[in-house]
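Asks: Below you'll find the structure I mean.
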Amino acid sequence: MPSEDLRIPAALRGPAQQIIDVTDVACREHLDDEYGLLTRRLVARLARKRPSPLVRGDARIWAAGAIYAVGQVNFLFDRTQTPHLTAKQLAEALGVVQTTMTNKAGIINRTLGIGIFEPELTRATMIEQHPMAWLVEVDGFIDDARALPAELQVEARRRGLIPDLEARRAA
């Protein structure tokens, strides 16, 4: 995905692309395409941050921290998940020290305010299972949007109130 599609500022396209090049290879070889997409989104968010922390540091360490941060949101380190890697395996795959990688992920999480459920960085299969992603208020009552009539679901997706899983999978 070109930097322009990710809304990366022109001044940061070079550093961001170096990081994305590393994450794309690592995700392709050790994870999957969806992790690659989610990690590119994370790098783009870091590039748009003012001031951007990406102006300094090693691209491999930023890449490792970015994948680790996305992995935390998606339970990558839980062996019951697919794909699954340990933190040690991820650090070895990227050729970085594990503590350096986890420290960088911590900086990323604090800088972007990333929590346990970050819709933009969550895999489609995780969103499908996450009950909070589907709760909407209808006439003052909280309801699961998946139980609503189809036309209301379409409107809720259009307004961004619930995830559009088909669009995410097509991306």
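Just so we're on the same page: first chain in the structure tokens is A, next is B, and so on; residues restart at 1 for each chain, and ligands are numbered from 1 in the order they show up.
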Excluding Phe75 (chain A) and its own-chain neighbours fewer than 4 positions away, which residues fall within 12 Å of it when counting only C-alpha atoms? Please give them as an NGL selection string.

Replies: :A and (35 or 67-71 or 79-87 or 116-117 or 121-123 or 125-126)

Asks: Using only C-alpha atoms, which residues sit within 9 Å of region 143-160 of chain A once same-chain residues fewer than 6 positions away are excluded, as a tab-separated table (two decimals) with N, CA and C atoms, in the first residue's frame?

Replies:
```
chain	number	residue	atom	x	y	z
A	131	PRO	N	-17.77	-8.50	21.90
A	131	PRO	CA	-19.14	-8.01	22.08
A	131	PRO	C	-19.27	-6.49	22.09
A	132	MET	N	-18.25	-5.77	22.58
A	132	MET	CA	-18.35	-4.31	22.66
A	132	MET	C	-18.37	-3.65	21.28
A	133	ALA	N	-17.83	-4.30	20.28
A	133	ALA	CA	-17.79	-3.72	18.94
A	133	ALA	C	-19.19	-3.61	18.33
A	134	TRP	N	-20.11	-4.36	18.86
A	134	TRP	CA	-21.44	-4.46	18.25
A	134	TRP	C	-22.54	-3.77	19.03
A	135	LEU	N	-22.20	-3.17	20.16
A	135	LEU	CA	-23.23	-2.52	20.97
A	135	LEU	C	-23.56	-1.14	20.42
A	136	VAL	N	-24.86	-0.89	20.25
A	136	VAL	CA	-25.35	0.41	19.78
A	136	VAL	C	-26.54	0.80	20.64
A	137	GLU	N	-26.80	2.08	20.66
A	137	GLU	CA	-27.97	2.57	21.38
A	137	GLU	C	-29.09	2.83	20.38
```

Asks: May I have all residues of region 20-144 of chain A that DSSP, computed from the backbone, assigns to strand (DSSP E or B), given as an MDAnalysis selection string?

Replies: chainID A and resid 135:138 141:144

Asks: Could you dump the residues just selected with C-alpha atoms as a PDB file, in the first residue's frame?

Replies:
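Final output, saved to result33.pdb:
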```
ATOM      1  CA  LEU A 135     -23.226  -2.523  20.965  1.00  0.00           C
ATOM      2  CA  VAL A 136     -25.345   0.407  19.780  1.00  0.00           C
ATOM      3  CA  GLU A 137     -27.974   2.571  21.384  1.00  0.00           C
ATOM      4  CA  VAL A 138     -31.415   2.385  19.779  1.00  0.00           C
ATOM      5  CA  PHE A 141     -31.651   0.961  24.811  1.00  0.00           C
ATOM      6  CA  ILE A 142     -28.293  -0.754  24.318  1.00  0.00           C
ATOM      7  CA  ASP A 143     -28.572  -3.573  21.774  1.00  0.00           C
ATOM      8  CA  ASP A 144     -26.349  -5.922  19.816  1.00  0.00           C
TER       9      ASP A 144
END
```

Asks: Run DSSP on the backbone and grab whatever in region 67-114 of chain A lands in alpha helix (DSSP H); send it over as a short mmCIF file (atom, residue, chain, number, x, y, z; two decimals) with all heavy atoms, in the first residue's frame.

Replies:
```
data_model
loop_
_atom_site.label_atom_id
_atom_site.label_comp_id
_atom_site.auth_asym_id
_atom_site.auth_seq_id
_atom_site.Cartn_x
_atom_site.Cartn_y
_atom_site.Cartn_z
N ILE A 67 4.95 -4.11 15.29
CA ILE A 67 4.34 -5.43 15.19
C ILE A 67 3.97 -5.94 16.59
O ILE A 67 2.90 -6.52 16.79
CB ILE A 67 5.27 -6.43 14.48
CG1 ILE A 67 5.46 -6.01 13.01
CG2 ILE A 67 4.70 -7.85 14.54
CD1 ILE A 67 6.52 -6.81 12.27
N TYR A 68 4.85 -5.71 17.56
CA TYR A 68 4.56 -6.13 18.94
C TYR A 68 3.29 -5.44 19.45
O TYR A 68 2.44 -6.08 20.06
CB TYR A 68 5.76 -5.80 19.83
CG TYR A 68 5.66 -6.37 21.22
CD1 TYR A 68 6.26 -7.58 21.53
CD2 TYR A 68 4.98 -5.70 22.24
CE1 TYR A 68 6.18 -8.12 22.81
CE2 TYR A 68 4.88 -6.22 23.51
CZ TYR A 68 5.49 -7.44 23.79
OH TYR A 68 5.39 -7.97 25.05
N ALA A 69 3.17 -4.13 19.21
CA ALA A 69 1.99 -3.39 19.67
C ALA A 69 0.71 -3.93 19.03
O ALA A 69 -0.31 -4.11 19.70
CB ALA A 69 2.16 -1.90 19.37
N VAL A 70 0.75 -4.19 17.72
CA VAL A 70 -0.41 -4.77 17.04
C VAL A 70 -0.66 -6.18 17.57
O VAL A 70 -1.81 -6.59 17.77
CB VAL A 70 -0.21 -4.77 15.50
CG1 VAL A 70 -1.30 -5.56 14.80
CG2 VAL A 70 -0.19 -3.34 14.97
N GLY A 71 0.41 -6.91 17.83
CA GLY A 71 0.28 -8.25 18.38
C GLY A 71 -0.38 -8.25 19.75
O GLY A 71 -1.18 -9.14 20.06
N GLN A 72 -0.09 -7.27 20.58
CA GLN A 72 -0.72 -7.18 21.90
C GLN A 72 -2.23 -7.00 21.76
O GLN A 72 -2.99 -7.64 22.47
CB GLN A 72 -0.16 -5.99 22.68
CG GLN A 72 1.24 -6.22 23.22
CD GLN A 72 1.75 -4.99 23.93
OE1 GLN A 72 1.79 -3.90 23.36
NE2 GLN A 72 2.15 -5.16 25.18
N VAL A 73 -2.64 -6.14 20.85
CA VAL A 73 -4.07 -5.89 20.64
C VAL A 73 -4.77 -7.18 20.18
O VAL A 73 -5.92 -7.42 20.54
CB VAL A 73 -4.28 -4.77 19.60
CG1 VAL A 73 -5.73 -4.64 19.19
CG2 VAL A 73 -3.75 -3.44 20.13
N ALA A 87 7.13 -13.54 22.05
CA ALA A 87 7.88 -12.29 21.94
C ALA A 87 9.32 -12.58 21.54
O ALA A 87 9.92 -11.86 20.73
CB ALA A 87 7.82 -11.52 23.25
N LYS A 88 9.87 -13.65 22.08
CA LYS A 88 11.24 -14.03 21.74
C LYS A 88 11.36 -14.36 20.25
O LYS A 88 12.31 -13.92 19.58
CB LYS A 88 11.67 -15.24 22.57
CG LYS A 88 13.08 -15.69 22.31
CD LYS A 88 13.45 -16.88 23.17
CE LYS A 88 14.87 -17.33 22.83
NZ LYS A 88 15.24 -18.54 23.55
N GLN A 89 10.41 -15.12 19.71
CA GLN A 89 10.43 -15.46 18.28
C GLN A 89 10.31 -14.21 17.42
O GLN A 89 10.99 -14.10 16.39
CB GLN A 89 9.30 -16.44 17.95
CG GLN A 89 9.48 -17.82 18.51
CD GLN A 89 8.22 -18.67 18.36
OE1 GLN A 89 7.10 -18.17 18.45
NE2 GLN A 89 8.42 -19.97 18.15
N LEU A 90 9.45 -13.29 17.81
CA LEU A 90 9.26 -12.06 17.04
C LEU A 90 10.56 -11.24 17.04
O LEU A 90 11.00 -10.76 15.99
CB LEU A 90 8.11 -11.23 17.61
CG LEU A 90 7.81 -9.92 16.91
CD1 LEU A 90 7.47 -10.12 15.44
CD2 LEU A 90 6.66 -9.20 17.62
N ALA A 91 11.17 -11.10 18.21
CA ALA A 91 12.43 -10.34 18.30
C ALA A 91 13.51 -10.99 17.44
O ALA A 91 14.23 -10.30 16.72
CB ALA A 91 12.88 -10.25 19.76
N GLU A 92 13.62 -12.32 17.51
CA GLU A 92 14.62 -13.03 16.70
C GLU A 92 14.35 -12.86 15.21
O GLU A 92 15.28 -12.66 14.43
CB GLU A 92 14.65 -14.51 17.07
CG GLU A 92 15.26 -14.77 18.43
CD GLU A 92 15.13 -16.22 18.89
OE1 GLU A 92 14.47 -17.04 18.21
OE2 GLU A 92 15.69 -16.53 19.96
N ALA A 93 13.09 -12.92 14.81
CA ALA A 93 12.73 -12.77 13.39
C ALA A 93 13.12 -11.40 12.86
O ALA A 93 13.48 -11.26 11.69
CB ALA A 93 11.23 -13.00 13.20
N LEU A 94 13.07 -10.39 13.72
CA LEU A 94 13.40 -9.03 13.31
C LEU A 94 14.84 -8.64 13.63
O LEU A 94 15.28 -7.54 13.31
CB LEU A 94 12.42 -8.04 13.93
CG LEU A 94 11.04 -8.12 13.28
CD1 LEU A 94 9.95 -7.71 14.23
CD2 LEU A 94 11.02 -7.29 12.03
N GLN A 98 14.84 -8.41 22.55
CA GLN A 98 13.45 -8.49 22.99
C GLN A 98 13.06 -7.32 23.90
O GLN A 98 11.99 -6.72 23.71
CB GLN A 98 13.19 -9.82 23.70
CG GLN A 98 11.75 -10.00 24.11
CD GLN A 98 11.49 -11.36 24.75
OE1 GLN A 98 12.23 -12.30 24.53
NE2 GLN A 98 10.43 -11.45 25.52
N THR A 99 13.88 -6.96 24.87
CA THR A 99 13.52 -5.86 25.77
C THR A 99 13.45 -4.53 25.03
O THR A 99 12.61 -3.69 25.34
CB THR A 99 14.50 -5.75 26.95
OG1 THR A 99 15.83 -5.65 26.45
CG2 THR A 99 14.37 -6.94 27.89
N THR A 100 14.31 -4.35 24.04
CA THR A 100 14.26 -3.12 23.23
C THR A 100 12.95 -3.06 22.46
O THR A 100 12.30 -2.01 22.38
CB THR A 100 15.47 -3.08 22.26
OG1 THR A 100 16.66 -3.16 23.02
CG2 THR A 100 15.46 -1.81 21.43
N MET A 101 12.54 -4.20 21.91
CA MET A 101 11.28 -4.28 21.16
C MET A 101 10.09 -3.98 22.07
O MET A 101 9.22 -3.18 21.70
CB MET A 101 11.13 -5.68 20.56
CG MET A 101 9.80 -5.93 19.88
SD MET A 101 9.67 -7.63 19.26
CE MET A 101 9.58 -8.56 20.80
N THR A 102 10.05 -4.59 23.25
CA THR A 102 8.91 -4.36 24.14
C THR A 102 8.90 -2.93 24.67
O THR A 102 7.82 -2.35 24.82
CB THR A 102 8.89 -5.37 25.31
OG1 THR A 102 10.10 -5.26 26.06
CG2 THR A 102 8.72 -6.79 24.81
N ASN A 103 10.08 -2.35 24.91
CA ASN A 103 10.13 -0.94 25.33
C ASN A 103 9.60 -0.03 24.23
O ASN A 103 8.88 0.93 24.50
CB ASN A 103 11.56 -0.54 25.71
CG ASN A 103 12.00 -1.16 27.02
OD1 ASN A 103 11.18 -1.58 27.84
ND2 ASN A 103 13.31 -1.26 27.22
N LYS A 104 9.96 -0.31 22.98
CA LYS A 104 9.49 0.51 21.86
C LYS A 104 7.98 0.37 21.72
O LYS A 104 7.27 1.36 21.46
CB LYS A 104 10.20 0.10 20.57
CG LYS A 104 9.92 1.03 19.40
CD LYS A 104 10.41 2.45 19.65
CE LYS A 104 11.90 2.55 19.45
NZ LYS A 104 12.39 3.94 19.53
N ALA A 105 7.46 -0.84 21.91
CA ALA A 105 6.00 -1.04 21.85
C ALA A 105 5.31 -0.24 22.95
O ALA A 105 4.25 0.35 22.71
CB ALA A 105 5.66 -2.52 21.97
N GLY A 106 5.92 -0.18 24.13
CA GLY A 106 5.36 0.62 25.21
C GLY A 106 5.30 2.10 24.86
O GLY A 106 4.31 2.78 25.13
N ILE A 107 6.36 2.58 24.23
CA ILE A 107 6.38 3.98 23.78
C ILE A 107 5.27 4.21 22.75
O ILE A 107 4.55 5.22 22.81
CB ILE A 107 7.76 4.34 23.19
CG1 ILE A 107 8.81 4.37 24.30
CG2 ILE A 107 7.72 5.66 22.41
CD1 ILE A 107 10.25 4.43 23.82
N ILE A 108 5.12 3.29 21.81
CA ILE A 108 4.07 3.39 20.79
C ILE A 108 2.69 3.41 21.45
O ILE A 108 1.85 4.27 21.12
CB ILE A 108 4.19 2.24 19.77
CG1 ILE A 108 5.45 2.40 18.93
CG2 ILE A 108 2.94 2.16 18.88
CD1 ILE A 108 5.82 1.18 18.09
N ASN A 109 2.45 2.50 22.37
CA ASN A 109 1.15 2.42 23.04
C ASN A 109 0.83 3.70 23.80
O ASN A 109 -0.30 4.20 23.73
CB ASN A 109 1.10 1.22 23.98
CG ASN A 109 1.06 -0.09 23.24
OD1 ASN A 109 0.63 -0.17 22.10
ND2 ASN A 109 1.52 -1.15 23.89
N ARG A 110 1.82 4.25 24.50
CA ARG A 110 1.60 5.49 25.23
C ARG A 110 1.40 6.68 24.29
O ARG A 110 0.54 7.52 24.51
CB ARG A 110 2.74 5.76 26.20
CG ARG A 110 2.71 4.86 27.43
CD ARG A 110 3.74 5.28 28.48
NE ARG A 110 5.12 5.24 27.99
CZ ARG A 110 5.87 4.15 27.89
NH1 ARG A 110 5.38 2.98 28.24
NH2 ARG A 110 7.11 4.22 27.45
N THR A 111 2.21 6.74 23.25
CA THR A 111 2.13 7.86 22.30
C THR A 111 0.77 7.92 21.62
O THR A 111 0.21 8.99 21.44
CB THR A 111 3.25 7.73 21.24
OG1 THR A 111 4.52 7.77 21.90
CG2 THR A 111 3.17 8.84 20.21
N LEU A 112 0.25 6.74 21.23
CA LEU A 112 -1.02 6.70 20.50
C LEU A 112 -2.22 6.39 21.38
O LEU A 112 -3.35 6.36 20.89
CB LEU A 112 -0.93 5.67 19.37
CG LEU A 112 0.12 5.96 18.30
CD1 LEU A 112 0.15 4.85 17.27
CD2 LEU A 112 -0.13 7.32 17.63
#
```

Asks: Quick one: pull the distance between CA of Gly95 (chain A) and CA of Pro119 (chain A), Å, one decimal.

Replies: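 We find that CA of Gly95 (chain A) and CA of Pro119 (chain A) lie 28.9 Å from each other.
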
Asks: Using only C-alpha atoms, determine which residues lie at most 12 Å from Leu6 (chain A), disregarding the query and same-chain residues fewer than 3 positions distant; provide the list as a list in words.

Replies: Met1, Pro2, Ser3, Pro9, Ala10, Leu12, Arg13, Ala16, Gln17, Ile20, Leu37, Leu38, Thr39, Arg40, Arg41, Leu42, Val43, Ala44, Arg45, Leu46, Ala47, Arg48 and Ala171 of chain A

Asks: Write out the residues from the selection above, keeping N, CA, C and O atoms, as a PDB file, in the first residue's frame.

Replies:
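In the end it all went to selection_11.pdb:
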```pdb
ATOM      1  N   MET A   1       0.856  -1.171   0.000  1.00  0.00           N
ATOM      2  CA  MET A   1       0.000   0.000   0.000  1.00  0.00           C
ATOM      3  C   MET A   1       0.902   1.234   0.000  1.00  0.00           C
ATOM      4  O   MET A   1       1.720   1.398   0.890  1.00  0.00           O
ATOM      5  N   PRO A   2       0.750   2.117  -0.965  1.00  0.00           N
ATOM      6  CA  PRO A   2       1.590   3.317  -1.032  1.00  0.00           C
ATOM      7  C   PRO A   2       1.365   4.232   0.170  1.00  0.00           C
ATOM      8  O   PRO A   2       0.304   4.248   0.766  1.00  0.00           O
ATOM      9  N   SER A   3       2.388   5.012   0.511  1.00  0.00           N
ATOM     10  CA  SER A   3       2.308   5.917   1.649  1.00  0.00           C
ATOM     11  C   SER A   3       1.150   6.898   1.530  1.00  0.00           C
ATOM     12  O   SER A   3       0.523   7.236   2.514  1.00  0.00           O
ATOM     13  N   PRO A   9       2.349  11.996   6.014  1.00  0.00           N
ATOM     14  CA  PRO A   9       2.853  13.294   5.561  1.00  0.00           C
ATOM     15  C   PRO A   9       4.100  13.126   4.687  1.00  0.00           C
ATOM     16  O   PRO A   9       4.937  12.246   4.936  1.00  0.00           O
ATOM     17  N   ALA A  10       4.216  13.961   3.678  1.00  0.00           N
ATOM     18  CA  ALA A  10       5.321  13.858   2.713  1.00  0.00           C
ATOM     19  C   ALA A  10       6.686  13.837   3.402  1.00  0.00           C
ATOM     20  O   ALA A  10       7.566  13.067   3.019  1.00  0.00           O
ATOM     21  N   LEU A  12       7.570  12.595   6.103  1.00  0.00           N
ATOM     22  CA  LEU A  12       7.857  11.362   6.846  1.00  0.00           C
ATOM     23  C   LEU A  12       7.698  10.104   5.998  1.00  0.00           C
ATOM     24  O   LEU A  12       7.803   8.995   6.519  1.00  0.00           O
ATOM     25  N   ARG A  13       7.445  10.258   4.725  1.00  0.00           N
ATOM     26  CA  ARG A  13       7.248   9.071   3.878  1.00  0.00           C
ATOM     27  C   ARG A  13       8.481   8.196   3.807  1.00  0.00           C
ATOM     28  O   ARG A  13       8.376   6.981   3.809  1.00  0.00           O
ATOM     29  N   ALA A  16       8.935   6.360   7.282  1.00  0.00           N
ATOM     30  CA  ALA A  16       7.800   5.445   7.455  1.00  0.00           C
ATOM     31  C   ALA A  16       7.908   4.270   6.490  1.00  0.00           C
ATOM     32  O   ALA A  16       7.645   3.123   6.865  1.00  0.00           O
ATOM     33  N   GLN A  17       8.306   4.547   5.245  1.00  0.00           N
ATOM     34  CA  GLN A  17       8.410   3.474   4.263  1.00  0.00           C
ATOM     35  C   GLN A  17       9.507   2.479   4.638  1.00  0.00           C
ATOM     36  O   GLN A  17       9.346   1.277   4.422  1.00  0.00           O
ATOM     37  N   ILE A  20       7.872   0.315   7.184  1.00  0.00           N
ATOM     38  CA  ILE A  20       6.860  -0.517   6.529  1.00  0.00           C
ATOM     39  C   ILE A  20       7.513  -1.633   5.721  1.00  0.00           C
ATOM     40  O   ILE A  20       7.019  -2.768   5.705  1.00  0.00           O
ATOM     41  N   LEU A  37      -1.190  -5.277   7.066  1.00  0.00           N
ATOM     42  CA  LEU A  37      -2.058  -4.112   6.884  1.00  0.00           C
ATOM     43  C   LEU A  37      -2.226  -3.338   8.186  1.00  0.00           C
ATOM     44  O   LEU A  37      -2.107  -2.108   8.220  1.00  0.00           O
ATOM     45  N   LEU A  38      -2.501  -4.049   9.270  1.00  0.00           N
ATOM     46  CA  LEU A  38      -2.708  -3.388  10.558  1.00  0.00           C
ATOM     47  C   LEU A  38      -1.441  -2.674  11.026  1.00  0.00           C
ATOM     48  O   LEU A  38      -1.507  -1.571  11.575  1.00  0.00           O
ATOM     49  N   THR A  39      -0.298  -3.278  10.780  1.00  0.00           N
ATOM     50  CA  THR A  39       0.962  -2.652  11.177  1.00  0.00           C
ATOM     51  C   THR A  39       1.241  -1.415  10.333  1.00  0.00           C
ATOM     52  O   THR A  39       1.717  -0.397  10.856  1.00  0.00           O
ATOM     53  N   ARG A  40       0.922  -1.449   9.028  1.00  0.00           N
ATOM     54  CA  ARG A  40       1.071  -0.240   8.190  1.00  0.00           C
ATOM     55  C   ARG A  40       0.195   0.879   8.723  1.00  0.00           C
ATOM     56  O   ARG A  40       0.611   2.048   8.759  1.00  0.00           O
ATOM     57  N   ARG A  41      -1.036   0.558   9.151  1.00  0.00           N
ATOM     58  CA  ARG A  41      -1.922   1.581   9.727  1.00  0.00           C
ATOM     59  C   ARG A  41      -1.306   2.192  10.977  1.00  0.00           C
ATOM     60  O   ARG A  41      -1.389   3.406  11.186  1.00  0.00           O
ATOM     61  N   LEU A  42      -0.704   1.354  11.805  1.00  0.00           N
ATOM     62  CA  LEU A  42      -0.078   1.853  13.026  1.00  0.00           C
ATOM     63  C   LEU A  42       1.092   2.779  12.695  1.00  0.00           C
ATOM     64  O   LEU A  42       1.213   3.866  13.279  1.00  0.00           O
ATOM     65  N   VAL A  43       1.933   2.384  11.764  1.00  0.00           N
ATOM     66  CA  VAL A  43       3.078   3.212  11.375  1.00  0.00           C
ATOM     67  C   VAL A  43       2.577   4.550  10.816  1.00  0.00           C
ATOM     68  O   VAL A  43       3.142   5.608  11.122  1.00  0.00           O
ATOM     69  N   ALA A  44       1.519   4.513  10.031  1.00  0.00           N
ATOM     70  CA  ALA A  44       0.956   5.756   9.482  1.00  0.00           C
ATOM     71  C   ALA A  44       0.459   6.671  10.598  1.00  0.00           C
ATOM     72  O   ALA A  44       0.659   7.891  10.548  1.00  0.00           O
ATOM     73  N   ARG A  45      -0.176   6.101  11.612  1.00  0.00           N
ATOM     74  CA  ARG A  45      -0.628   6.908  12.755  1.00  0.00           C
ATOM     75  C   ARG A  45       0.557   7.558  13.455  1.00  0.00           C
ATOM     76  O   ARG A  45       0.492   8.727  13.854  1.00  0.00           O
ATOM     77  N   LEU A  46       1.645   6.818  13.616  1.00  0.00           N
ATOM     78  CA  LEU A  46       2.847   7.387  14.229  1.00  0.00           C
ATOM     79  C   LEU A  46       3.424   8.504  13.371  1.00  0.00           C
ATOM     80  O   LEU A  46       3.906   9.511  13.896  1.00  0.00           O
ATOM     81  N   ALA A  47       3.369   8.333  12.059  1.00  0.00           N
ATOM     82  CA  ALA A  47       3.895   9.362  11.154  1.00  0.00           C
ATOM     83  C   ALA A  47       3.059  10.643  11.212  1.00  0.00           C
ATOM     84  O   ALA A  47       3.592  11.740  11.047  1.00  0.00           O
ATOM     85  N   ARG A  48       1.753  10.503  11.447  1.00  0.00           N
ATOM     86  CA  ARG A  48       0.868  11.675  11.509  1.00  0.00           C
ATOM     87  C   ARG A  48       0.923  12.377  12.864  1.00  0.00           C
ATOM     88  O   ARG A  48       0.457  13.507  13.004  1.00  0.00           O
ATOM     89  N   ALA A 171      -9.877  -4.807   2.033  1.00  0.00           N
ATOM     90  CA  ALA A 171      -8.732  -3.877   2.015  1.00  0.00           C
ATOM     91  C   ALA A 171      -7.425  -4.576   1.822  1.00  0.00           C
ATOM     92  O   ALA A 171      -7.150  -5.658   2.085  1.00  0.00           O
TER      93      ALA A 171
END
```

Asks: Have a look at CA of Trp62 (chain A) and CA of Ala167 (chain A) and let me know their distance in Å, one decimal.

Replies: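 Going from CA of Trp62 (chain A) over to CA of Ala167 (chain A) covers 27.9 Å.
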
Asks: Find the residue from A:Pro15, A:Leu54, A:Leu76, A:Lys49 that sits nearest to Leu31 (chain A); use only C-alpha atoms when measuring.

Replies: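 Checking each of A:Pro15, A:Leu54, A:Leu76, A:Lys49 against Leu31 (chain A), counting only C-alpha atoms, the winner is A:Leu76.
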
Asks: Which polymer residues have any atom within 8 Å of an atom of Val22 (chain A), counting only C-alpha atoms, with same-chain residues fewer than 6 positions away left out, as an mmCIF file with N, CA and C atoms, in the first residue's frame?

Replies:
```cif
data_model
loop_
_atom_site.group_PDB
_atom_site.id
_atom_site.type_symbol
_atom_site.label_atom_id
_atom_site.label_comp_id
_atom_site.auth_asym_id
_atom_site.auth_seq_id
_atom_site.Cartn_x
_atom_site.Cartn_y
_atom_site.Cartn_z
ATOM 1 N N ALA A 59 14.957 1.739 12.020
ATOM 2 C CA ALA A 59 13.726 1.250 11.386
ATOM 3 C C ALA A 59 13.364 -0.147 11.871
ATOM 4 N N ARG A 60 14.356 -1.012 12.090
ATOM 5 C CA ARG A 60 14.065 -2.376 12.549
ATOM 6 C C ARG A 60 13.437 -2.375 13.941
ATOM 7 N N ALA A 63 9.940 -1.104 13.630
ATOM 8 C CA ALA A 63 9.134 -2.165 13.022
ATOM 9 C C ALA A 63 8.784 -3.232 14.056
#
```

Asks: Any idea what the distance is between CA of Ile114 (chain A) and CA of Asp21 (chain A)?

Replies: 22.7 Å

Asks: With only C-alpha atoms as the basis for distance, which of A:Val55, A:Ile127, A:Asp164, A:Phe77 is at the shortest distance from Gly14 (chain A)?

Replies: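 Going through A:Val55, A:Ile127, A:Asp164, A:Phe77 one by one, the smallest distance to Gly14 (chain A) is for A:Val55.
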